[in-house]
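Dumped data-v1.cif below, it's mmCIF, C-alpha atoms:
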```cif
data_query
#
loop_
_atom_site.group_PDB
_atom_site.id
_atom_site.type_symbol
_atom_site.label_atom_id
_atom_site.label_comp_id
_atom_site.auth_asym_id
_atom_site.auth_seq_id
_atom_site.Cartn_x
_atom_site.Cartn_y
_atom_site.Cartn_z
ATOM 1 C CA MET A 1 -96.359 9.124 17.872
ATOM 2 C CA ALA A 2 -98.337 6.237 16.330
ATOM 3 C CA ASP A 3 -100.419 8.687 14.286
ATOM 4 C CA GLU A 4 -97.258 10.411 13.021
ATOM 5 C CA THR A 5 -95.720 7.074 12.030
ATOM 6 C CA GLU A 6 -98.884 6.014 10.208
ATOM 7 C CA ALA A 7 -99.099 9.349 8.396
ATOM 8 C CA ALA A 8 -95.494 9.080 7.328
ATOM 9 C CA ALA A 9 -96.113 5.576 6.051
ATOM 10 C CA ILE A 10 -99.115 6.660 4.006
ATOM 11 C CA ASP A 11 -97.257 9.632 2.576
ATOM 12 C CA HIS A 12 -94.276 7.445 1.807
ATOM 13 C CA GLY A 13 -96.461 5.123 -0.213
ATOM 14 C CA SER A 14 -97.830 7.852 -2.467
ATOM 15 C CA GLY A 15 -94.608 8.658 -4.332
ATOM 16 C CA ARG A 16 -92.100 6.090 -5.495
ATOM 17 C CA PRO A 17 -92.156 2.299 -5.254
ATOM 18 C CA SER A 18 -90.845 0.531 -2.195
ATOM 19 C CA VAL A 19 -88.910 -2.704 -2.569
ATOM 20 C CA ALA A 20 -90.571 -4.012 0.606
ATOM 21 C CA ARG A 21 -94.048 -3.361 -0.804
ATOM 22 C CA MET A 22 -93.119 -4.795 -4.221
ATOM 23 C CA TYR A 23 -91.926 -7.916 -2.400
ATOM 24 C CA ASP A 24 -95.267 -8.035 -0.597
ATOM 25 C CA PHE A 25 -97.101 -7.755 -3.946
ATOM 26 C CA TYR A 26 -95.094 -10.646 -5.413
ATOM 27 C CA LEU A 27 -96.008 -12.834 -2.446
ATOM 28 C CA GLY A 28 -99.707 -12.039 -2.829
ATOM 29 C CA GLY A 29 -99.921 -9.548 0.031
ATOM 30 C CA LYS A 30 -102.248 -6.561 0.290
ATOM 31 C CA ASP A 31 -99.950 -3.934 1.826
ATOM 32 C CA ASN A 32 -98.791 -2.279 -1.387
ATOM 33 C CA TYR A 33 -99.764 0.690 -3.547
ATOM 34 C CA PRO A 34 -100.461 1.117 -7.286
ATOM 35 C CA VAL A 35 -96.968 2.574 -7.733
ATOM 36 C CA ASP A 36 -95.497 -0.626 -6.268
ATOM 37 C CA GLN A 37 -97.752 -2.828 -8.384
ATOM 38 C CA ALA A 38 -96.818 -0.949 -11.554
ATOM 39 C CA ALA A 39 -93.082 -1.320 -10.897
ATOM 40 C CA ALA A 40 -93.489 -5.008 -10.040
ATOM 41 C CA GLN A 41 -95.498 -5.643 -13.203
ATOM 42 C CA LYS A 42 -92.799 -3.965 -15.313
ATOM 43 C CA MET A 43 -90.257 -6.283 -13.757
ATOM 44 C CA MET A 44 -92.477 -9.292 -14.407
ATOM 45 C CA ALA A 45 -92.853 -8.312 -18.056
ATOM 46 C CA ALA A 46 -89.133 -7.731 -18.595
ATOM 47 C CA VAL A 47 -87.868 -10.608 -16.440
ATOM 48 C CA PRO A 48 -90.593 -13.224 -15.868
ATOM 49 C CA GLU A 49 -88.316 -15.054 -13.416
ATOM 50 C CA SER A 50 -88.548 -12.116 -11.001
ATOM 51 C CA VAL A 51 -91.647 -13.599 -9.323
ATOM 52 C CA ARG A 52 -89.869 -16.891 -8.793
ATOM 53 C CA MET A 53 -86.824 -14.977 -7.543
ATOM 54 C CA VAL A 54 -88.869 -13.536 -4.695
ATOM 55 C CA ARG A 55 -90.544 -16.828 -3.853
ATOM 56 C CA VAL A 56 -87.391 -18.944 -3.766
ATOM 57 C CA ASN A 57 -85.729 -16.247 -1.693
ATOM 58 C CA ARG A 58 -88.563 -16.504 0.829
ATOM 59 C CA ALA A 59 -88.247 -20.275 0.805
ATOM 60 C CA PHE A 60 -84.534 -19.931 1.621
ATOM 61 C CA LEU A 61 -85.321 -17.612 4.528
ATOM 62 C CA VAL A 62 -87.820 -20.111 5.938
ATOM 63 C CA ALA A 63 -85.406 -23.028 5.505
ATOM 64 C CA ALA A 64 -82.494 -21.123 7.043
ATOM 65 C CA VAL A 65 -84.499 -19.972 10.073
ATOM 66 C CA HIS A 66 -85.819 -23.474 10.651
ATOM 67 C CA TYR A 67 -82.294 -24.885 10.464
ATOM 68 C CA LEU A 68 -80.957 -22.255 12.862
ATOM 69 C CA ALA A 69 -83.765 -22.824 15.381
ATOM 70 C CA ALA A 70 -84.162 -26.597 15.114
ATOM 71 C CA GLU A 71 -80.615 -27.760 14.335
ATOM 72 C CA ALA A 72 -78.308 -25.003 15.585
ATOM 73 C CA GLY A 73 -80.391 -24.181 18.673
ATOM 74 C CA ILE A 74 -80.482 -20.422 18.056
ATOM 75 C CA ARG A 75 -83.029 -18.626 20.207
ATOM 76 C CA GLN A 76 -82.586 -15.016 19.073
ATOM 77 C CA PHE A 77 -82.740 -13.511 15.607
ATOM 78 C CA LEU A 78 -81.992 -10.070 14.180
ATOM 79 C CA ASP A 79 -83.653 -9.741 10.764
ATOM 80 C CA ILE A 80 -82.289 -6.661 8.976
ATOM 81 C CA GLY A 81 -84.238 -5.396 5.965
ATOM 82 C CA SER A 82 -87.145 -7.643 6.864
ATOM 83 C CA GLY A 83 -89.788 -5.838 4.808
ATOM 84 C CA LEU A 84 -93.513 -6.129 5.439
ATOM 85 C CA PRO A 85 -94.778 -8.982 7.615
ATOM 86 C CA THR A 86 -96.080 -11.626 5.236
ATOM 87 C CA GLN A 87 -96.418 -15.410 5.109
ATOM 88 C CA GLN A 88 -94.017 -17.600 7.113
ATOM 89 C CA ASN A 89 -92.365 -14.791 9.066
ATOM 90 C CA VAL A 90 -89.147 -15.387 10.988
ATOM 91 C CA HIS A 91 -90.794 -15.407 14.416
ATOM 92 C CA GLU A 92 -93.505 -17.828 13.249
ATOM 93 C CA VAL A 93 -90.972 -20.327 11.924
ATOM 94 C CA ALA A 94 -88.591 -20.002 14.886
ATOM 95 C CA GLN A 95 -91.243 -19.930 17.609
ATOM 96 C CA ALA A 96 -92.839 -23.058 16.133
ATOM 97 C CA VAL A 97 -89.594 -24.759 17.185
ATOM 98 C CA SER A 98 -89.192 -22.930 20.486
ATOM 99 C CA PRO A 99 -91.890 -20.491 21.688
ATOM 100 C CA ASP A 100 -89.400 -18.493 23.765
ATOM 101 C CA THR A 101 -87.368 -17.461 20.706
ATOM 102 C CA ARG A 102 -86.791 -13.701 20.492
ATOM 103 C CA VAL A 103 -86.861 -11.797 17.191
ATOM 104 C CA VAL A 104 -86.176 -8.195 16.229
ATOM 105 C CA TYR A 105 -87.209 -7.078 12.747
ATOM 106 C CA VAL A 106 -85.478 -4.053 11.223
ATOM 107 C CA ASP A 107 -86.533 -2.008 8.212
ATOM 108 C CA HIS A 108 -86.250 1.613 7.053
ATOM 109 C CA ASP A 109 -89.633 1.656 5.251
ATOM 110 C CA PRO A 110 -92.146 3.516 7.488
ATOM 111 C CA LEU A 111 -95.072 1.419 6.215
ATOM 112 C CA ALA A 112 -93.279 -1.827 6.989
ATOM 113 C CA VAL A 113 -92.415 -0.596 10.475
ATOM 114 C CA ALA A 114 -95.911 0.726 11.251
ATOM 115 C CA HIS A 115 -97.611 -2.414 9.978
ATOM 116 C CA GLY A 116 -95.139 -4.699 11.724
ATOM 117 C CA GLN A 117 -95.454 -2.936 15.055
ATOM 118 C CA ALA A 118 -99.236 -3.142 14.907
ATOM 119 C CA LEU A 119 -99.266 -6.803 13.888
ATOM 120 C CA LEU A 120 -96.719 -7.914 16.487
ATOM 121 C CA ALA A 121 -97.856 -5.752 19.397
ATOM 122 C CA THR A 122 -99.139 -8.741 21.373
ATOM 123 C CA ASN A 123 -95.990 -10.882 21.019
ATOM 124 C CA GLU A 124 -93.735 -10.029 23.934
ATOM 125 C CA ASN A 125 -90.708 -11.735 22.380
ATOM 126 C CA VAL A 126 -90.831 -9.795 19.104
ATOM 127 C CA ARG A 127 -89.996 -6.201 18.236
ATOM 128 C CA TYR A 128 -90.086 -4.231 14.971
ATOM 129 C CA ILE A 129 -87.832 -1.179 14.713
ATOM 130 C CA ASN A 130 -86.967 1.505 12.194
ATOM 131 C CA GLY A 131 -83.324 1.082 11.219
ATOM 132 C CA ASP A 132 -80.973 1.226 8.259
ATOM 133 C CA LEU A 133 -78.339 -1.376 7.379
ATOM 134 C CA LEU A 134 -76.043 1.492 6.378
ATOM 135 C CA ARG A 135 -75.883 2.464 10.060
ATOM 136 C CA PRO A 136 -75.326 -0.833 11.887
ATOM 137 C CA GLU A 137 -74.331 0.808 15.176
ATOM 138 C CA SER A 138 -77.729 2.504 15.399
ATOM 139 C CA ILE A 139 -79.377 -0.908 15.008
ATOM 140 C CA LEU A 140 -77.131 -2.628 17.533
ATOM 141 C CA GLY A 141 -77.617 0.165 20.049
ATOM 142 C CA HIS A 142 -81.386 0.530 19.634
ATOM 143 C CA PRO A 143 -83.201 0.151 22.981
ATOM 144 C CA ASP A 144 -85.558 -2.527 21.641
ATOM 145 C CA VAL A 145 -82.643 -4.526 20.243
ATOM 146 C CA ARG A 146 -80.822 -4.298 23.562
ATOM 147 C CA GLU A 147 -83.972 -5.349 25.397
ATOM 148 C CA ILE A 148 -84.634 -8.427 23.249
ATOM 149 C CA ILE A 149 -81.183 -9.536 22.059
ATOM 150 C CA ASP A 150 -78.456 -10.692 24.467
ATOM 151 C CA PHE A 151 -75.159 -10.211 22.635
ATOM 152 C CA ASP A 152 -73.402 -12.403 25.173
ATOM 153 C CA GLN A 153 -75.289 -15.362 23.671
ATOM 154 C CA PRO A 154 -75.286 -16.653 20.062
ATOM 155 C CA VAL A 155 -77.544 -14.711 17.732
ATOM 156 C CA ALA A 156 -78.555 -15.223 14.108
ATOM 157 C CA VAL A 157 -78.297 -12.126 11.918
ATOM 158 C CA LEU A 158 -80.361 -12.360 8.730
ATOM 159 C CA ILE A 159 -79.494 -10.097 5.789
ATOM 160 C CA VAL A 160 -81.655 -11.668 3.113
ATOM 161 C CA ALA A 161 -81.948 -10.035 -0.333
ATOM 162 C CA ILE A 162 -80.688 -6.700 1.038
ATOM 163 C CA LEU A 163 -76.958 -6.354 0.419
ATOM 164 C CA HIS A 164 -77.406 -5.968 -3.330
ATOM 165 C CA PHE A 165 -79.119 -2.659 -2.514
ATOM 166 C CA VAL A 166 -75.914 -1.421 -0.873
ATOM 167 C CA SER A 167 -73.388 0.062 -3.293
ATOM 168 C CA ASP A 168 -69.685 -0.664 -3.070
ATOM 169 C CA ALA A 169 -69.199 3.020 -2.233
ATOM 170 C CA ASP A 170 -71.057 2.381 1.051
ATOM 171 C CA ASP A 171 -68.632 -0.429 1.986
ATOM 172 C CA PRO A 172 -71.040 -3.344 2.460
ATOM 173 C CA VAL A 173 -68.204 -5.670 3.519
ATOM 174 C CA GLY A 174 -67.301 -3.211 6.269
ATOM 175 C CA ILE A 175 -70.939 -2.941 7.345
ATOM 176 C CA VAL A 176 -71.258 -6.718 7.696
ATOM 177 C CA GLY A 177 -67.926 -6.748 9.510
ATOM 178 C CA ARG A 178 -69.219 -4.297 12.108
ATOM 179 C CA LEU A 179 -72.219 -6.529 12.709
ATOM 180 C CA ARG A 180 -69.937 -9.577 12.911
ATOM 181 C CA ASP A 181 -67.785 -7.888 15.550
ATOM 182 C CA ALA A 182 -70.852 -7.487 17.792
ATOM 183 C CA MET A 183 -71.812 -11.166 17.456
ATOM 184 C CA PRO A 184 -70.360 -13.679 19.936
ATOM 185 C CA GLU A 185 -68.685 -16.901 18.859
ATOM 186 C CA GLY A 186 -71.229 -19.490 17.764
ATOM 187 C CA SER A 187 -73.507 -16.897 16.161
ATOM 188 C CA TYR A 188 -74.766 -17.282 12.604
ATOM 189 C CA LEU A 189 -75.071 -15.062 9.540
ATOM 190 C CA ALA A 190 -77.566 -15.797 6.735
ATOM 191 C CA ILE A 191 -77.289 -13.941 3.429
ATOM 192 C CA SER A 192 -78.882 -14.151 -0.005
ATOM 193 C CA HIS A 193 -77.678 -12.034 -2.906
ATOM 194 C CA VAL A 194 -78.266 -11.630 -6.657
ATOM 195 C CA LEU A 195 -75.393 -12.305 -9.042
ATOM 196 C CA ASP A 196 -74.031 -10.110 -11.794
ATOM 197 C CA ASP A 197 -76.114 -11.414 -14.695
ATOM 198 C CA PRO A 198 -78.083 -9.751 -17.524
ATOM 199 C CA ARG A 199 -81.431 -10.495 -15.849
ATOM 200 C CA PRO A 200 -80.616 -8.905 -12.485
ATOM 201 C CA ARG A 201 -79.103 -5.943 -14.335
ATOM 202 C CA ALA A 202 -82.380 -5.573 -16.274
ATOM 203 C CA ILE A 203 -84.317 -5.626 -12.985
ATOM 204 C CA GLY A 204 -81.990 -2.968 -11.607
ATOM 205 C CA GLU A 205 -82.638 -0.696 -14.591
ATOM 206 C CA ILE A 206 -86.398 -1.027 -14.081
ATOM 207 C CA LEU A 207 -86.057 -0.232 -10.385
ATOM 208 C CA VAL A 208 -84.051 2.900 -11.066
ATOM 209 C CA ALA A 209 -86.419 4.048 -13.819
ATOM 210 C CA ALA A 210 -89.343 3.643 -11.391
ATOM 211 C CA GLY A 211 -87.585 5.680 -8.737
ATOM 212 C CA ALA A 212 -86.633 2.786 -6.460
ATOM 213 C CA PRO A 213 -83.096 2.446 -5.077
ATOM 214 C CA PRO A 214 -80.476 1.056 -7.485
ATOM 215 C CA TRP A 215 -78.898 -2.277 -6.740
ATOM 216 C CA SER A 216 -75.491 -3.859 -7.151
ATOM 217 C CA PRO A 217 -75.425 -7.469 -8.389
ATOM 218 C CA ARG A 218 -72.071 -9.058 -7.490
ATOM 219 C CA THR A 219 -69.867 -11.986 -8.457
ATOM 220 C CA PRO A 220 -69.764 -15.090 -6.233
ATOM 221 C CA GLU A 221 -66.279 -14.073 -5.102
ATOM 222 C CA LYS A 222 -67.574 -10.712 -3.870
ATOM 223 C CA VAL A 223 -70.568 -12.296 -2.130
ATOM 224 C CA LEU A 224 -68.240 -14.733 -0.382
ATOM 225 C CA ARG A 225 -66.365 -11.827 1.212
ATOM 226 C CA PHE A 226 -69.389 -11.073 3.365
ATOM 227 C CA PHE A 227 -68.677 -14.330 5.204
ATOM 228 C CA ASP A 228 -65.173 -13.364 6.321
ATOM 229 C CA GLY A 229 -64.833 -14.635 9.880
ATOM 230 C CA PHE A 230 -67.583 -17.224 9.410
ATOM 231 C CA GLU A 231 -67.438 -20.915 8.556
ATOM 232 C CA LEU A 232 -70.034 -21.722 5.920
ATOM 233 C CA ILE A 233 -72.233 -24.694 6.708
ATOM 234 C CA ASP A 234 -72.814 -27.321 4.041
ATOM 235 C CA PRO A 235 -73.312 -26.833 1.095
ATOM 236 C CA GLY A 236 -71.580 -23.456 1.382
ATOM 237 C CA LEU A 237 -72.450 -20.530 -0.847
ATOM 238 C CA ALA A 238 -74.938 -22.099 -3.238
ATOM 239 C CA THR A 239 -77.990 -21.583 -5.387
ATOM 240 C CA PHE A 240 -81.290 -21.888 -3.588
ATOM 241 C CA SER A 241 -82.012 -25.382 -4.887
ATOM 242 C CA GLU A 242 -78.571 -26.548 -3.709
ATOM 243 C CA TRP A 243 -78.879 -25.003 -0.252
ATOM 244 C CA HIS A 244 -80.906 -27.273 1.970
ATOM 245 C CA PRO A 245 -81.169 -27.697 5.739
ATOM 246 C CA PRO A 246 -80.740 -31.117 7.393
ATOM 247 C CA ALA A 247 -84.459 -31.035 8.273
ATOM 248 C CA PRO A 248 -87.094 -29.549 5.916
ATOM 249 C CA ALA A 249 -88.762 -26.369 7.071
ATOM 250 C CA PRO A 250 -92.504 -26.862 7.663
ATOM 251 C CA GLY A 251 -94.561 -25.374 4.836
ATOM 252 C CA SER A 252 -91.582 -24.294 2.725
ATOM 253 C CA ALA A 253 -92.857 -26.192 -0.335
ATOM 254 C CA GLN A 254 -96.132 -24.278 -0.208
ATOM 255 C CA LEU A 255 -94.599 -21.316 -2.057
ATOM 256 C CA PRO A 256 -95.381 -21.810 -5.778
ATOM 257 C CA GLY A 257 -92.216 -22.053 -7.852
ATOM 258 C CA ALA A 258 -90.032 -22.108 -4.750
ATOM 259 C CA THR A 259 -88.120 -25.234 -5.743
ATOM 260 C CA ARG A 260 -87.372 -24.322 -9.349
ATOM 261 C CA GLU A 261 -83.831 -23.356 -10.233
ATOM 262 C CA LEU A 262 -82.479 -19.840 -10.494
ATOM 263 C CA ARG A 263 -78.789 -19.629 -11.317
ATOM 264 C CA TRP A 264 -78.457 -15.922 -10.631
ATOM 265 C CA GLN A 265 -78.995 -15.911 -6.877
ATOM 266 C CA LEU A 266 -76.763 -17.314 -4.153
ATOM 267 C CA ALA A 267 -77.386 -17.948 -0.486
ATOM 268 C CA GLY A 268 -75.368 -19.117 2.475
ATOM 269 C CA VAL A 269 -75.366 -19.549 6.228
ATOM 270 C CA GLY A 270 -72.150 -19.178 8.196
ATOM 271 C CA ARG A 271 -71.176 -19.821 11.820
ATOM 272 C CA LYS A 272 -68.885 -17.303 13.498
ATOM 273 C CA ARG A 273 -65.585 -18.872 14.449
#
```
Spell out the structure here as structure tokens.
Amino acid sequence: MADETEAAAIDHGSGRPSVARMYDFYLGGKDNYPVDQAAAQKMMAAVPESVRMVRVNRAFLVAAVHYLAAEAGIRQFLDIGSGLPTQQNVHEVAQAVSPDTRVVYVDHDPLAVAHGQALLATNENVRYINGDLLRPESILGHPDVREIIDFDQPVAVLIVAILHFVSDADDPVGIVGRLRDAMPEGSYLAISHVLDDPRPRAIGEILVAAGAPPWSPRTPEKVLRFFDGFELIDPGLATFSEWHPPAPAPGSAQLPGATRELRWQLAGVGRKR
């Protein structure tokens, strides 16, 4: 089975670019292919802010996880669309606060899954599964998720920089709602999303031309709908520079360009009522 997964991952990397591997390239990782590098470089040429977009998004993820672990006391995380393991992963940030924290990573990219499973094989509180946000029930019912996550206790669901790859035709609000319904009271939802702006639209055109999935930038009002049933913590749905946890996440300022402003991304963390 491991050989089949690895073969699938290698084959998958030989055709069209993967958003997960492009993300890895932007962060200085090594788990990407020439096709990913070429697509990322096109984006950098057309929209120079795209590198900073990835880095500030990662900084938000780190800050949000640290807040949820250190301030909210969350001890289990479900990271959907997690991509390739890279710097400052969710389990590293959360387990630095509490070593018994449990994390399940979810991605549909075979390379991300194969690499993640190999890297995390020795951490008994972490799992990496193949799953698709479009099918939330298959994620919630996965044996590894059920083994690691106790849905009778508060859980943090992370959907960071993923929902803009889900078209309105696939009912992203309904998908998030199905995840929300499985989360007990006191759970948290963290989301980041690109806004409908000429620069994100230009990035989307490059992605489609390169063969990557299209994306759907949205208005703040549409992004806010994903938090139905949740109470947003201060400062609410905000740009990355405006969203800040009560305590700084260790190492978050180490990402170059992470603190510079981008007005075409929003992020928020909500607590289920």
field: Residue IDs satisfying the PyMOL selection byres ((chain A and resi 89-103) around 7), as a ChimeraX atom specification
entry: /A:62,65-66,69-70,75-78,85-88,104-105,125-127,148
Nearest candidate to Pro220 in chain A (options A:Pro198, A:Gly236, A:Gly28, A:Pro136; using all atoms listed in the file):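 Of all the options, A:Gly236 lies closest to Pro220 in chain A.
Note on the selection: in this file the PyMOL selection byres ((chain A and resi 196) around 8) comes out as Val194, Leu195, Asp197, Pro198, Pro200, Arg201, Ser216, Pro217, Arg218, Thr219 and Trp264 of chain A.
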- request: Quick one: apply the PyMOL selection byres ((chain A and resi 112-115) around 8) to the file and drop the selected residues here as a PyMOL selection string.
  value: chain A and resi 2+5-6+9+20-21+83-85+106-111+116-119+128-130
Set out as CSV a contact list for range 152-255 of chain A and range 265-273 of chain A with a cut-off of 7 Å, giving each residue of range 152-255 of chain A that qualifies its closest atom pair and distance in Å to one decimal, counting all atoms listed in the file, ordered by chain and rising residue number.
```
residue,atom,partner,partner_atom,distance
A:Glu185,CA,A:Lys272,CA,5.4
A:Gly186,CA,A:Lys272,CA,5.3
A:Ser187,CA,A:Lys272,CA,5.3
A:Tyr188,CA,A:Arg271,CA,4.5
A:Leu189,CA,A:Gly270,CA,5.2
A:Ala190,CA,A:Val269,CA,4.4
A:Ile191,CA,A:Gly268,CA,5.6
A:Ser192,CA,A:Ala267,CA,4.1
A:His193,CA,A:Leu266,CA,5.5
A:Val194,CA,A:Gln265,CA,4.3
A:Leu195,CA,A:Gln265,CA,5.5
A:Phe227,CA,A:Gly270,CA,6.7
A:Gly229,CA,A:Lys272,CA,6.1
A:Phe230,CA,A:Lys272,CA,4.3
A:Glu231,CA,A:Gly270,CA,5.0
A:Leu232,CA,A:Gly270,CA,4.0
A:Ile233,CA,A:Gly270,CA,5.7
A:Gly236,CA,A:Gly268,CA,5.9
A:Leu237,CA,A:Gly268,CA,4.6
A:Ala238,CA,A:Leu266,CA,5.2
A:Thr239,CA,A:Leu266,CA,4.6
A:Phe240,CA,A:Ala267,CA,6.4
```
Pull C-alpha atoms from the residues just selected and write them as a compact mmCIF listing (two decimals), keeping the file's coordinate frame.
```txt
# COMPACT_ATOMS: atom_id res chain seq x y z
CA GLU A 185 -68.68 -16.90 18.86
CA GLY A 186 -71.23 -19.49 17.76
CA SER A 187 -73.51 -16.90 16.16
CA TYR A 188 -74.77 -17.28 12.60
CA LEU A 189 -75.07 -15.06 9.54
CA ALA A 190 -77.57 -15.80 6.74
CA ILE A 191 -77.29 -13.94 3.43
CA SER A 192 -78.88 -14.15 0.00
CA HIS A 193 -77.68 -12.03 -2.91
CA VAL A 194 -78.27 -11.63 -6.66
CA LEU A 195 -75.39 -12.30 -9.04
CA PHE A 227 -68.68 -14.33 5.20
CA GLY A 229 -64.83 -14.64 9.88
CA PHE A 230 -67.58 -17.22 9.41
CA GLU A 231 -67.44 -20.92 8.56
CA LEU A 232 -70.03 -21.72 5.92
CA ILE A 233 -72.23 -24.69 6.71
CA GLY A 236 -71.58 -23.46 1.38
CA LEU A 237 -72.45 -20.53 -0.85
CA ALA A 238 -74.94 -22.10 -3.24
CA THR A 239 -77.99 -21.58 -5.39
CA PHE A 240 -81.29 -21.89 -3.59
```
Specify the axis-aligned box that encloses all atoms of range 121-128 of chain A listed in the file after padding of 8 Å on each side, stating its centre and edge lengths in Å to one decimal as lines of an AutoDock Vina configuration file.
```
center_x = -94.6
center_y = -8.0
center_z = 19.5
size_x = 25.1
size_y = 23.5
size_z = 25.0
```
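Closest approach to Val51 in chain A among A:Glu124, A:Asp150, A:Asp31, A:Asp24: A:Asp24, based on all atoms listed in the file.
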task: Go ahead and compute the interatomic distance for CA of Asp144 in chain A and CA of Asp132 in chain A, in Å to one decimal.
output: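 Between CA of Asp144 in chain A and CA of Asp132 in chain A the gap is 14.6 Å.
Compared by their closest atoms to Ile159 in chain A, and using all atoms listed in the file, the residues A:Ser18, A:Ser82, A:Ser241, A:Asn32 rank with A:Ser82 nearest.
Between CA of Pro17 in chain A and CA of Ala40 in chain A the interatomic distance comes to 8.8 Å.
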